[in-house]
>>> print(open('coords13.cif').read())   # mmCIF, C-alpha atoms
data_my_file
loop_
_atom_site.group_PDB
_atom_site.id
_atom_site.type_symbol
_atom_site.label_atom_id
_atom_site.label_comp_id
_atom_site.auth_asym_id
_atom_site.auth_seq_id
_atom_site.Cartn_x
_atom_site.Cartn_y
_atom_site.Cartn_z
ATOM 1 C CA MET A 1 121.119 88.796 110.739
ATOM 2 C CA PHE A 2 119.621 89.147 114.217
ATOM 3 C CA GLY A 3 122.971 90.362 115.534
ATOM 4 C CA PHE A 4 123.187 92.906 112.726
ATOM 5 C CA ILE A 5 119.722 94.239 113.549
ATOM 6 C CA LEU A 6 120.653 94.598 117.216
ATOM 7 C CA ARG A 7 123.881 96.414 116.319
ATOM 8 C CA ARG A 8 121.986 98.809 114.076
ATOM 9 C CA ILE A 9 119.417 99.499 116.785
ATOM 10 C CA PHE A 10 122.118 100.252 119.352
ATOM 11 C CA ALA A 11 124.022 102.374 116.815
ATOM 12 C CA SER A 12 120.899 104.456 116.224
ATOM 13 C CA ILE A 13 120.724 105.510 119.895
ATOM 14 C CA PRO A 14 123.566 108.087 119.713
ATOM 15 C CA VAL A 15 122.190 109.266 116.361
ATOM 16 C CA MET A 16 118.786 109.926 117.893
ATOM 17 C CA PHE A 17 120.411 111.667 120.853
ATOM 18 C CA VAL A 18 122.286 114.045 118.527
ATOM 19 C CA VAL A 19 119.008 114.675 116.693
ATOM 20 C CA THR A 20 117.215 115.556 119.944
ATOM 21 C CA VAL A 21 119.965 117.976 121.005
ATOM 22 C CA THR A 22 120.022 119.619 117.563
ATOM 23 C CA ILE A 23 116.239 119.979 117.428
ATOM 24 C CA PHE A 24 116.076 121.449 120.912
ATOM 25 C CA MET A 25 118.865 123.986 120.394
ATOM 26 C CA LEU A 26 117.738 125.119 116.933
ATOM 27 C CA LEU A 27 114.204 125.819 118.113
ATOM 28 C CA ARG A 28 115.355 127.693 121.221
ATOM 29 C CA LEU A 29 117.998 129.778 119.442
ATOM 30 C CA THR A 30 115.894 130.890 116.466
ATOM 31 C CA PRO A 31 114.020 134.211 116.795
ATOM 32 C CA GLY A 32 110.469 134.157 118.103
ATOM 33 C CA ASP A 33 108.597 133.671 121.342
ATOM 34 C CA PRO A 34 105.580 131.371 121.783
ATOM 35 C CA ALA A 35 104.460 133.467 124.742
ATOM 36 C CA SER A 36 104.020 136.436 122.389
ATOM 37 C CA VAL A 37 101.941 134.283 120.035
ATOM 38 C CA ILE A 38 99.672 133.193 122.879
ATOM 39 C CA ALA A 39 99.373 136.584 124.578
ATOM 40 C CA GLY A 40 98.888 138.656 121.430
ATOM 41 C CA ASP A 41 100.407 141.924 120.280
ATOM 42 C CA ASN A 42 98.975 144.030 123.106
ATOM 43 C CA ALA A 43 100.292 141.901 125.971
ATOM 44 C CA THR A 44 102.231 143.564 128.757
ATOM 45 C CA ALA A 45 105.645 142.475 129.971
ATOM 46 C CA GLU A 46 104.081 141.031 133.124
ATOM 47 C CA GLN A 47 101.639 138.923 131.101
ATOM 48 C CA LEU A 48 104.446 137.621 128.884
ATOM 49 C CA ALA A 49 106.555 136.748 131.925
ATOM 50 C CA ARG A 50 103.642 134.887 133.517
ATOM 51 C CA ILE A 51 102.997 132.857 130.354
ATOM 52 C CA ARG A 52 106.691 131.991 130.005
ATOM 53 C CA ALA A 53 106.708 130.792 133.610
ATOM 54 C CA GLN A 54 103.611 128.649 133.008
ATOM 55 C CA LEU A 55 105.219 127.093 129.946
ATOM 56 C CA GLY A 56 108.558 126.585 131.663
ATOM 57 C CA LEU A 57 110.333 128.812 129.142
ATOM 58 C CA ASP A 58 111.905 130.891 131.899
ATOM 59 C CA LEU A 59 114.003 127.935 133.056
ATOM 60 C CA PRO A 60 117.646 127.524 131.987
ATOM 61 C CA LEU A 61 118.094 125.766 128.655
ATOM 62 C CA HIS A 62 119.781 122.720 130.142
ATOM 63 C CA GLN A 63 116.930 122.244 132.620
ATOM 64 C CA GLN A 64 114.335 122.545 129.836
ATOM 65 C CA PHE A 65 116.276 119.964 127.832
ATOM 66 C CA PHE A 66 116.590 117.433 130.635
ATOM 67 C CA ASP A 67 112.915 117.865 131.533
ATOM 68 C CA TRP A 68 111.999 117.133 127.936
ATOM 69 C CA MET A 69 114.308 114.099 127.782
ATOM 70 C CA TRP A 70 112.835 112.742 131.018
ATOM 71 C CA ARG A 71 109.342 112.980 129.580
ATOM 72 C CA LEU A 72 110.462 111.331 126.337
ATOM 73 C CA ALA A 73 111.944 108.436 128.306
ATOM 74 C CA HIS A 74 108.484 107.884 129.777
ATOM 75 C CA GLY A 75 106.736 108.116 126.401
ATOM 76 C CA ASP A 76 105.432 111.643 127.000
ATOM 77 C CA PHE A 77 105.916 114.036 124.083
ATOM 78 C CA GLY A 78 104.543 116.923 126.105
ATOM 79 C CA THR A 79 101.602 119.239 125.620
ATOM 80 C CA SER A 80 101.023 121.621 122.743
ATOM 81 C CA ILE A 81 101.696 125.210 123.791
ATOM 82 C CA ILE A 82 98.993 126.581 121.507
ATOM 83 C CA SER A 83 96.142 124.058 121.740
ATOM 84 C CA GLY A 84 96.875 122.571 125.155
ATOM 85 C CA SER A 85 96.321 119.057 123.767
ATOM 86 C CA PRO A 86 98.788 116.176 124.224
ATOM 87 C CA VAL A 87 101.287 116.158 121.357
ATOM 88 C CA SER A 88 100.912 112.404 120.883
ATOM 89 C CA ALA A 89 97.152 112.849 120.386
ATOM 90 C CA LEU A 90 97.715 115.581 117.784
ATOM 91 C CA ILE A 91 100.116 113.374 115.828
ATOM 92 C CA VAL A 92 97.779 110.364 115.967
ATOM 93 C CA ASP A 93 94.938 112.523 114.651
ATOM 94 C CA ARG A 94 97.086 113.696 111.728
ATOM 95 C CA ILE A 95 98.901 110.483 110.826
ATOM 96 C CA GLU A 96 96.133 108.790 108.788
ATOM 97 C CA PRO A 97 96.121 111.256 105.841
ATOM 98 C CA THR A 98 99.920 111.190 105.633
ATOM 99 C CA ILE A 99 100.235 107.393 105.839
ATOM 100 C CA SER A 100 97.389 106.929 103.344
ATOM 101 C CA LEU A 101 98.996 109.333 100.885
ATOM 102 C CA ALA A 102 102.445 107.771 101.340
ATOM 103 C CA LEU A 103 101.247 104.196 100.804
ATOM 104 C CA ALA A 104 99.095 105.094 97.808
ATOM 105 C CA THR A 105 101.855 107.147 96.172
ATOM 106 C CA ILE A 106 104.695 104.688 96.641
ATOM 107 C CA THR A 107 102.567 101.693 95.589
ATOM 108 C CA LEU A 108 101.293 103.341 92.419
ATOM 109 C CA SER A 109 104.759 104.710 91.619
ATOM 110 C CA VAL A 110 106.413 101.293 91.848
ATOM 111 C CA ILE A 111 103.678 99.630 89.780
ATOM 112 C CA ILE A 112 104.151 102.180 86.984
ATOM 113 C CA ALA A 113 107.849 103.098 87.240
ATOM 114 C CA VAL A 114 109.576 99.711 87.470
ATOM 115 C CA PRO A 115 107.989 98.306 84.277
ATOM 116 C CA LEU A 116 108.654 101.622 82.514
ATOM 117 C CA GLY A 117 112.311 101.635 83.529
ATOM 118 C CA ALA A 118 112.699 97.960 82.603
ATOM 119 C CA LEU A 119 111.091 98.559 79.214
ATOM 120 C CA ALA A 120 113.394 101.513 78.563
ATOM 121 C CA ALA A 121 116.455 99.410 79.431
ATOM 122 C CA ALA A 122 115.275 96.532 77.232
ATOM 123 C CA ARG A 123 114.652 98.947 74.329
ATOM 124 C CA GLN A 124 117.738 101.099 74.809
ATOM 125 C CA GLY A 125 118.165 103.688 72.087
ATOM 126 C CA THR A 126 114.642 103.311 70.703
ATOM 127 C CA TRP A 127 111.782 105.791 70.891
ATOM 128 C CA VAL A 128 110.493 103.969 73.988
ATOM 129 C CA ASP A 129 113.752 104.623 75.810
ATOM 130 C CA ARG A 130 113.783 108.270 74.746
ATOM 131 C CA ALA A 131 110.146 108.677 75.851
ATOM 132 C CA VAL A 132 110.902 107.332 79.333
ATOM 133 C CA ILE A 133 113.937 109.635 79.639
ATOM 134 C CA ALA A 134 111.810 112.587 78.553
ATOM 135 C CA LEU A 135 109.150 111.643 81.108
ATOM 136 C CA SER A 136 111.819 111.559 83.817
ATOM 137 C CA VAL A 137 113.126 114.991 82.861
ATOM 138 C CA VAL A 138 109.631 116.470 82.824
ATOM 139 C CA GLY A 139 108.783 114.805 86.136
ATOM 140 C CA PHE A 140 111.835 116.342 87.795
ATOM 141 C CA SER A 141 111.330 119.748 86.197
ATOM 142 C CA ILE A 142 107.694 120.490 87.022
ATOM 143 C CA PRO A 143 107.041 121.412 90.671
ATOM 144 C CA VAL A 144 104.504 119.253 92.470
ATOM 145 C CA PHE A 145 102.220 122.199 93.234
ATOM 146 C CA VAL A 146 101.960 123.010 89.511
ATOM 147 C CA ILE A 147 100.806 119.456 88.784
ATOM 148 C CA ALA A 148 98.453 119.621 91.770
ATOM 149 C CA TYR A 149 96.775 122.839 90.636
ATOM 150 C CA GLY A 150 96.537 121.469 87.103
ATOM 151 C CA LEU A 151 94.728 118.380 88.372
ATOM 152 C CA ILE A 152 92.385 120.545 90.431
ATOM 153 C CA GLN A 153 91.586 122.705 87.423
ATOM 154 C CA ILE A 154 90.847 119.725 85.171
ATOM 155 C CA PHE A 155 89.128 117.198 87.434
ATOM 156 C CA ALA A 156 87.563 119.429 90.093
ATOM 157 C CA VAL A 157 86.795 122.745 88.379
ATOM 158 C CA ASP A 158 86.254 121.870 84.708
ATOM 159 C CA LEU A 159 84.945 118.310 84.803
ATOM 160 C CA ARG A 160 83.638 118.405 88.385
ATOM 161 C CA TRP A 161 84.428 114.742 88.872
ATOM 162 C CA LEU A 162 86.272 115.088 92.174
ATOM 163 C CA PRO A 163 86.082 117.304 95.272
ATOM 164 C CA VAL A 164 88.618 120.128 95.316
ATOM 165 C CA GLN A 165 90.112 119.642 98.775
ATOM 166 C CA GLY A 166 89.712 117.904 102.114
ATOM 167 C CA PHE A 167 90.097 114.437 103.549
ATOM 168 C CA ARG A 168 87.730 111.676 104.574
ATOM 169 C CA SER A 169 88.844 108.696 106.629
ATOM 170 C CA ILE A 170 88.555 105.308 104.986
ATOM 171 C CA ARG A 171 86.207 104.412 107.834
ATOM 172 C CA SER A 172 83.653 106.821 106.359
ATOM 173 C CA GLY A 173 83.603 104.859 103.111
ATOM 174 C CA VAL A 174 86.050 103.720 100.447
ATOM 175 C CA VAL A 175 84.467 105.916 97.769
ATOM 176 C CA GLU A 176 84.603 109.087 99.878
ATOM 177 C CA PHE A 177 88.179 108.269 100.846
ATOM 178 C CA GLY A 178 89.285 107.493 97.301
ATOM 179 C CA GLN A 179 87.730 110.589 95.752
ATOM 180 C CA ARG A 180 89.840 112.825 97.986
ATOM 181 C CA MET A 181 93.051 110.843 97.644
ATOM 182 C CA ILE A 182 93.196 110.456 93.855
ATOM 183 C CA MET A 183 94.513 113.910 92.970
ATOM 184 C CA PRO A 184 97.174 114.277 95.685
ATOM 185 C CA THR A 185 98.355 110.735 94.942
ATOM 186 C CA LEU A 186 98.619 111.450 91.216
ATOM 187 C CA ALA A 187 100.448 114.731 91.832
ATOM 188 C CA LEU A 188 103.141 113.003 93.885
ATOM 189 C CA THR A 189 103.207 109.865 91.740
ATOM 190 C CA PHE A 190 104.294 111.895 88.711
ATOM 191 C CA LEU A 191 107.485 112.887 90.528
ATOM 192 C CA TYR A 192 108.228 109.480 92.016
ATOM 193 C CA VAL A 193 107.571 107.653 88.749
ATOM 194 C CA ALA A 194 110.157 109.881 87.092
ATOM 195 C CA LEU A 195 112.702 109.121 89.816
ATOM 196 C CA ILE A 196 112.154 105.369 90.156
ATOM 197 C CA ALA A 197 111.902 104.765 86.395
ATOM 198 C CA ARG A 198 115.199 106.562 85.777
ATOM 199 C CA ILE A 199 116.966 104.619 88.538
ATOM 200 C CA THR A 200 115.484 101.334 87.281
ATOM 201 C CA ARG A 201 116.675 101.998 83.747
ATOM 202 C CA THR A 202 120.195 102.997 84.824
ATOM 203 C CA SER A 203 120.585 100.058 87.190
ATOM 204 C CA LEU A 204 119.356 97.544 84.621
ATOM 205 C CA LEU A 205 121.665 98.884 81.916
ATOM 206 C CA GLU A 206 124.645 98.396 84.236
ATOM 207 C CA VAL A 207 123.611 94.825 85.040
ATOM 208 C CA LEU A 208 122.852 93.910 81.422
ATOM 209 C CA GLY A 209 126.484 94.639 80.561
ATOM 210 C CA GLU A 210 127.866 92.151 83.107
ATOM 211 C CA ASP A 211 129.624 88.911 82.139
ATOM 212 C CA TYR A 212 127.105 86.614 83.821
ATOM 213 C CA ILE A 213 124.326 88.062 81.643
ATOM 214 C CA ARG A 214 126.318 87.234 78.511
ATOM 215 C CA THR A 215 126.989 83.757 79.931
ATOM 216 C CA ALA A 216 123.279 83.183 80.580
ATOM 217 C CA ARG A 217 122.478 84.185 77.015
ATOM 218 C CA ALA A 218 125.229 81.941 75.659
ATOM 219 C CA LYS A 219 123.683 78.988 77.512
ATOM 220 C CA GLY A 220 120.509 79.473 75.498
ATOM 221 C CA ILE A 221 118.346 80.852 78.290
ATOM 222 C CA SER A 222 115.431 82.823 76.897
ATOM 223 C CA GLU A 223 115.752 86.589 76.853
ATOM 224 C CA ARG A 224 112.720 86.909 79.099
ATOM 225 C CA SER A 225 114.272 84.642 81.742
ATOM 226 C CA VAL A 226 117.601 86.455 81.500
ATOM 227 C CA PHE A 227 115.899 89.773 81.992
ATOM 228 C CA MET A 228 113.486 88.811 84.767
ATOM 229 C CA ARG A 229 115.441 86.219 86.776
ATOM 230 C CA HIS A 230 118.980 87.521 86.428
ATOM 231 C CA ALA A 231 119.065 91.175 85.429
ATOM 232 C CA LEU A 232 116.095 92.622 87.280
ATOM 233 C CA ARG A 233 116.845 90.858 90.577
ATOM 234 C CA ASN A 234 120.483 91.939 90.573
ATOM 235 C CA ALA A 235 119.467 95.493 89.694
ATOM 236 C CA ALA A 236 116.970 95.664 92.564
ATOM 237 C CA VAL A 237 119.278 97.074 95.265
ATOM 238 C CA PRO A 238 119.370 100.702 93.981
ATOM 239 C CA ILE A 239 115.637 100.540 93.237
ATOM 240 C CA ILE A 240 114.848 99.374 96.774
ATOM 241 C CA THR A 241 116.999 102.185 98.169
ATOM 242 C CA VAL A 242 115.150 104.860 96.215
ATOM 243 C CA VAL A 243 111.736 103.404 97.071
ATOM 244 C CA GLY A 244 112.596 103.205 100.767
ATOM 245 C CA ILE A 245 113.946 106.741 100.996
ATOM 246 C CA GLY A 246 110.983 108.026 99.009
ATOM 247 C CA PHE A 247 108.568 106.350 101.392
ATOM 248 C CA ALA A 248 110.408 107.859 104.375
ATOM 249 C CA LEU A 249 110.105 111.322 102.808
ATOM 250 C CA LEU A 250 106.393 110.826 102.264
ATOM 251 C CA VAL A 251 105.768 109.592 105.812
ATOM 252 C CA SER A 252 107.736 112.528 107.218
ATOM 253 C CA GLY A 253 105.108 114.811 105.722
ATOM 254 C CA VAL A 254 104.600 116.209 102.241
ATOM 255 C CA VAL A 255 104.024 119.835 103.144
ATOM 256 C CA VAL A 256 103.258 121.344 99.731
ATOM 257 C CA THR A 257 100.839 118.629 98.622
ATOM 258 C CA GLU A 258 99.011 118.588 101.944
ATOM 259 C CA SER A 259 98.697 122.376 101.818
ATOM 260 C CA VAL A 260 97.369 122.479 98.253
ATOM 261 C CA PHE A 261 94.753 119.788 98.866
ATOM 262 C CA ASN A 262 94.020 120.873 102.445
ATOM 263 C CA LEU A 263 94.930 117.487 103.888
ATOM 264 C CA PRO A 264 95.202 117.543 107.698
ATOM 265 C CA GLY A 265 98.412 115.528 107.730
ATOM 266 C CA VAL A 266 101.717 115.599 109.567
ATOM 267 C CA GLY A 267 103.203 118.096 107.120
ATOM 268 C CA ARG A 268 100.464 120.646 107.781
ATOM 269 C CA LEU A 269 100.791 120.038 111.510
ATOM 270 C CA THR A 270 104.528 120.740 111.327
ATOM 271 C CA ILE A 271 104.119 123.986 109.400
ATOM 272 C CA ASP A 272 101.401 125.252 111.737
ATOM 273 C CA ALA A 273 103.545 124.383 114.759
ATOM 274 C CA VAL A 274 106.620 126.110 113.339
ATOM 275 C CA LEU A 275 104.687 129.291 112.583
ATOM 276 C CA ALA A 276 103.181 129.287 116.081
ATOM 277 C CA ARG A 277 106.505 128.435 117.759
ATOM 278 C CA ASP A 278 104.869 125.371 119.288
ATOM 279 C CA TYR A 279 108.083 123.764 120.533
ATOM 280 C CA PRO A 280 106.709 120.425 121.809
ATOM 281 C CA VAL A 281 104.894 119.658 118.547
ATOM 282 C CA VAL A 282 107.850 120.552 116.310
ATOM 283 C CA GLN A 283 110.262 118.576 118.474
ATOM 284 C CA ALA A 284 108.037 115.499 118.492
ATOM 285 C CA VAL A 285 107.357 115.528 114.742
ATOM 286 C CA ILE A 286 111.028 115.922 113.785
ATOM 287 C CA LEU A 287 112.074 113.281 116.302
ATOM 288 C CA LEU A 288 109.517 110.794 114.980
ATOM 289 C CA SER A 289 110.528 111.602 111.393
ATOM 290 C CA SER A 290 114.150 110.818 112.269
ATOM 291 C CA LEU A 291 113.044 107.547 113.846
ATOM 292 C CA VAL A 292 111.124 106.669 110.677
ATOM 293 C CA TYR A 293 114.293 107.213 108.609
ATOM 294 C CA VAL A 294 116.312 104.978 110.945
ATOM 295 C CA LEU A 295 113.730 102.174 110.835
ATOM 296 C CA ILE A 296 113.262 102.337 107.068
ATOM 297 C CA ASN A 297 117.021 102.288 106.488
ATOM 298 C CA LEU A 298 117.202 99.216 108.705
ATOM 299 C CA ALA A 299 114.388 97.584 106.742
ATOM 300 C CA ILE A 300 116.180 98.392 103.468
ATOM 301 C CA ASP A 301 119.372 96.704 104.693
ATOM 302 C CA VAL A 302 117.407 93.583 105.649
ATOM 303 C CA ILE A 303 115.676 93.493 102.257
ATOM 304 C CA TYR A 304 119.091 93.757 100.556
ATOM 305 C CA VAL A 305 120.067 90.375 102.009
ATOM 306 C CA LEU A 306 116.788 88.772 100.939
ATOM 307 C CA VAL A 307 117.083 90.095 97.378
ATOM 308 C CA ASP A 308 120.816 89.617 96.877
ATOM 309 C CA PRO A 309 122.380 86.639 98.761
ATOM 310 C CA ARG A 310 125.869 88.004 97.987
ATOM 311 C CA ILE A 311 125.316 90.788 100.539
ATOM 312 C CA ARG A 312 126.404 89.863 104.045
ATOM 313 C CA TYR A 313 126.748 91.937 107.210
#
>>> encode(input="coords13.cif", output="structure tokens")
Amino acid sequence: MFGFILRRIFASIPVMFVVTVTIFMLLRLTPGDPASVIAGDNATAEQLARIRAQLGLDLPLHQQFFDWMWRLAHGDFGTSIISGSPVSALIVDRIEPTISLALATITLSVIIAVPLGALAAARQGTWVDRAVIALSVVGFSIPVFVIAYGLIQIFAVDLRWLPVQGFRSIRSGVVEFGQRMIMPTLALTFLYVALIARITRTSLLEVLGEDYIRTARAKGISERSVFMRHALRNAAVPIITVVGIGFALLVSGVVVTESVFNLPGVGRLTIDAVLARDYPVVQAVILLSSLVYVLINLAIDVIYVLVDPRIRY
């Protein structure tokens, strides 16, 4: 297992290098000029040239790239073109809302979705099964922002139980933190419950048709033990995959949800940086998002072995 982890880490190095090259070239080749954003519409050509020189944007592309790579090798993500703050500090300031939302969403989704999917598989063809399928279809069909605005209308505007927008750190109090995280968490949970429940149901139905399940039943093992100890564990691999990828998507930044609820997370930071052509911030966020995907995929592979001993690398 340790050797497999090392091989995966070394294999991720060329992947991350390709990601860095792609990020750098896409940002430089797309239309737009950060110097124009900084200088304003009435800036002269001399002012624009001076700003580009200060930012290093007048250097050849290959030199800009190698300068950036050298800084990355030393743990320096650069300085924001717009704010002048270190990029690492900006990301650290924005990571708490995103991580909090991701953990809350994925935890609540798993708690609700896995039992729902298991119940649907156990009651295949009944009204319970049809209700879970209908919930999945509705969850996939309704955009997250529609659910978000509906929650705001009901709980913030009509009932006035919760604040409309904003974020409070958990350090300022659990109640303040929870009040502002309930609605965005519920908005995203609706989608992820639909996804995980559907995958759980499908995976369990495939496992319940296997020969070893029929053998376990023929031996007189109780249906509960067959379902929990044999079926659910062997059906866990696809569920773990979906949960892991979903968590990676959430950590990478949920732009729409953060925008609707005015959460100062990584998604909002990315959008603001893209609109302002803030190259260092965009590069750092995408690079870190790619690293999160690599690490979570590695964690998923390790969990596979723990859940299913038949899997070997």
>>> closest_residue(input="coords13.cif", among="A:Ser289, A:Ile213, A:Ala299, A:Ala49", to="Val19 of chain A", atoms="all atoms listed in the file")
A:Ser289
>>> atom_distance(input="coords13.cif", atom1="atom CA of Gln165 of chain A", atom2="atom CA of Pro97 of chain A")
12.5 Å
>>> residues_around(input="coords13.cif", residues="Pro184 of chain A", least_positions_apart="4", cutoff="10 Å", atoms="only C-alpha atoms", output="list of chain:residue names")
A:Leu101, A:Ala104, A:Thr105, A:Val144, A:Phe145, A:Ile147, A:Ala148, A:Tyr149, A:Leu151, A:Ile152, A:Gln165, A:Arg180, A:Leu188, A:Thr189, A:Thr257, A:Glu258, A:Val260, A:Phe261, A:Asn262, A:Leu263
>>> atom_distance(input="coords13.cif", atom1="atom CA of Ala231 of chain A", atom2="atom CA of Leu205 of chain A")
8.9 Å
>>> residues_around(input="coords13.cif", residues="Thr241 of chain A", least_positions_apart="2", cutoff="10 Å", atoms="all atoms listed in the file", output="list in words")
Ile196, Ile199, Ala236, Val237, Pro238, Ile239, Val243, Gly244, Ile245, Gly246, Phe247, Ile296, Asn297, Ile300, Asp301, Ile303 and Tyr304 of chain A
>>> residues_near_point(input="coords13.cif", point="(98.7, 125.5, 111.8)", cutoff="12 Å", atoms="only C-alpha atoms", output="ChimeraX atom specification")
/A:80,82-83,90,94,255,259,262-278,281-282
